[in-house]
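*Asks:* Structure incoming, see below.
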Amino acid sequence: MAIVGAVLLLVTLLALGGFFLYRSLPSTDVSANASGTASEGEEPENMGVLYIRVIGESSEVFVRVPGGDVLMDQNMSQGQSVNYNQADEGLEVTIGDPSAVEVFVNGEQRDISDESADHSFTIDG
């Protein structure tokens with residue numbers, strides 16, 4: 001009886017460990033406010049403070065509050081987009097492949113296509 005209990009405990013611990021390991025892995029979703037449905041040339045109604053759309057194959061996108069929380073650190077694929085409506089404290093943005101994305105800051109397109117890899121810029125709050 002003790003052996004059966006120990007085996008059940010071991011199976012339960014392994015299942016819980018696997019579940020929590022899976023939950024701790026980075027998500028393949030871009031973010032809660034990201035979309036993969038925007039087509040090239042289509043402008044969203046409200047771009048907010050920062051709008052990034054991948055028009056090339058893919059690009060790493062890193063967005064954080066200056067000196068603070070990381071809001072996004074993911075590889076985005078063609079057609080995916082992300083929109084930040086507010087940035088009270090500002091945003092620090094790094095784009096892995098600037099030629100693969102369209103960037104809009106406060107609704108105005110910022111051409112970064114000629115910039116080098118891992119191009120960074122800051123948006124004031």
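Following the order of the structure tokens, chains are lettered A, B, ..., residues in each are numbered from 1, and ligands are numbered from 1.
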Write down as a ChimeraX atom specification the residues of range 51-119 of chain A whose backbone DSSP state falls under strand (DSSP E or B).

*Replies:* /A:51-54,58-64,70-77,81-84,91-95,101-105,108-110,119

*Asks:* Please dump the current selection as a PDB file, in the first residue's frame; keep C-alpha atoms.

*Replies:*
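Okay, out_5.pdb is ready:
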ATOM      1  CA  TYR A  51       2.374  50.555 -33.648  1.00  0.00           C
ATOM      2  CA  ILE A  52       4.680  47.941 -35.186  1.00  0.00           C
ATOM      3  CA  ARG A  53       3.700  45.684 -38.100  1.00  0.00           C
ATOM      4  CA  VAL A  54       5.964  43.026 -39.622  1.00  0.00           C
ATOM      5  CA  SER A  58      10.213  38.178 -39.293  1.00  0.00           C
ATOM      6  CA  SER A  59      11.941  40.420 -36.770  1.00  0.00           C
ATOM      7  CA  GLU A  60      12.836  40.397 -33.107  1.00  0.00           C
ATOM      8  CA  VAL A  61      10.913  43.120 -31.270  1.00  0.00           C
ATOM      9  CA  PHE A  62      11.878  44.339 -27.806  1.00  0.00           C
ATOM     10  CA  VAL A  63       9.788  46.967 -25.991  1.00  0.00           C
ATOM     11  CA  ARG A  64      10.154  48.098 -22.407  1.00  0.00           C
ATOM     12  CA  VAL A  70       9.830  44.473 -20.330  1.00  0.00           C
ATOM     13  CA  LEU A  71       6.568  44.648 -22.279  1.00  0.00           C
ATOM     14  CA  MET A  72       7.646  42.499 -25.235  1.00  0.00           C
ATOM     15  CA  ASP A  73      10.674  40.434 -26.186  1.00  0.00           C
ATOM     16  CA  GLN A  74       9.622  38.177 -29.053  1.00  0.00           C
ATOM     17  CA  ASN A  75      10.227  37.210 -32.645  1.00  0.00           C
ATOM     18  CA  MET A  76       7.268  38.466 -34.664  1.00  0.00           C
ATOM     19  CA  SER A  77       6.323  36.874 -38.004  1.00  0.00           C
ATOM     20  CA  SER A  81       1.436  43.593 -35.345  1.00  0.00           C
ATOM     21  CA  VAL A  82       1.515  45.106 -31.892  1.00  0.00           C
ATOM     22  CA  ASN A  83      -0.012  48.337 -30.636  1.00  0.00           C
ATOM     23  CA  TYR A  84       0.714  50.289 -27.459  1.00  0.00           C
ATOM     24  CA  LEU A  91       9.074  53.343 -24.276  1.00  0.00           C
ATOM     25  CA  GLU A  92      12.450  51.939 -25.290  1.00  0.00           C
ATOM     26  CA  VAL A  93      12.198  49.964 -28.531  1.00  0.00           C
ATOM     27  CA  THR A  94      14.710  47.700 -30.281  1.00  0.00           C
ATOM     28  CA  ILE A  95      13.945  46.211 -33.694  1.00  0.00           C
ATOM     29  CA  VAL A 101       8.850  46.207 -40.060  1.00  0.00           C
ATOM     30  CA  GLU A 102       6.715  49.299 -40.359  1.00  0.00           C
ATOM     31  CA  VAL A 103       6.835  51.534 -37.289  1.00  0.00           C
ATOM     32  CA  PHE A 104       4.345  54.263 -36.442  1.00  0.00           C
ATOM     33  CA  VAL A 105       4.966  56.640 -33.529  1.00  0.00           C
ATOM     34  CA  GLU A 108       3.157  58.961 -37.992  1.00  0.00           C
ATOM     35  CA  GLN A 109       5.271  56.446 -39.884  1.00  0.00           C
ATOM     36  CA  ARG A 110       8.937  56.364 -38.871  1.00  0.00           C
ATOM     37  CA  HIS A 119      18.107  49.461 -34.149  1.00  0.00           C
TER      38      HIS A 119
END

*Asks:* Would you mind reading off the distance between CA of Glu57 in chain A and CA of Thr122 in chain A, one decimal, in Å?

*Replies:*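 Calculated distance between CA of Glu57 in chain A and CA of Thr122 in chain A is 24.3 Å.
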
*Asks:* Measuring between only C-alpha atoms, which one of A:Val7, A:Val65, A:Ala15, A:Ala100 shows the shortest distance to Gln80 in chain A?

*Replies:*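 Once distances to Gln80 in chain A are computed over only C-alpha atoms, the minimum belongs to A:Ala100.
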
*Asks:* Could you check which of A:Gly5, A:Gly125, A:Ser99, A:Asn85 is closest to Pro66 in chain A, using only C-alpha atoms?

*Replies:* A:Gly125

*Asks:* Would you compute the distance between CA of Gly107 in chain A and CA of Gly48 in chain A? Give it in Å to one decimal.

*Replies:*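 Taking CA of Gly107 in chain A and CA of Gly48 in chain A, their separation equals 6.6 Å.
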
*Asks:* Identify all residues of chain A in helix (DSSP H, G or I) (DSSP on the backbone) and supply them as a PyMOL selection string.

*Replies:* chain A and resi 2-24+98-100

*Asks:* How many Å separate CA of Asn106 in chain A from CA of Asp88 in chain A?

*Replies:*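 Taking CA of Asn106 in chain A and CA of Asp88 in chain A, their separation equals 12.8 Å.
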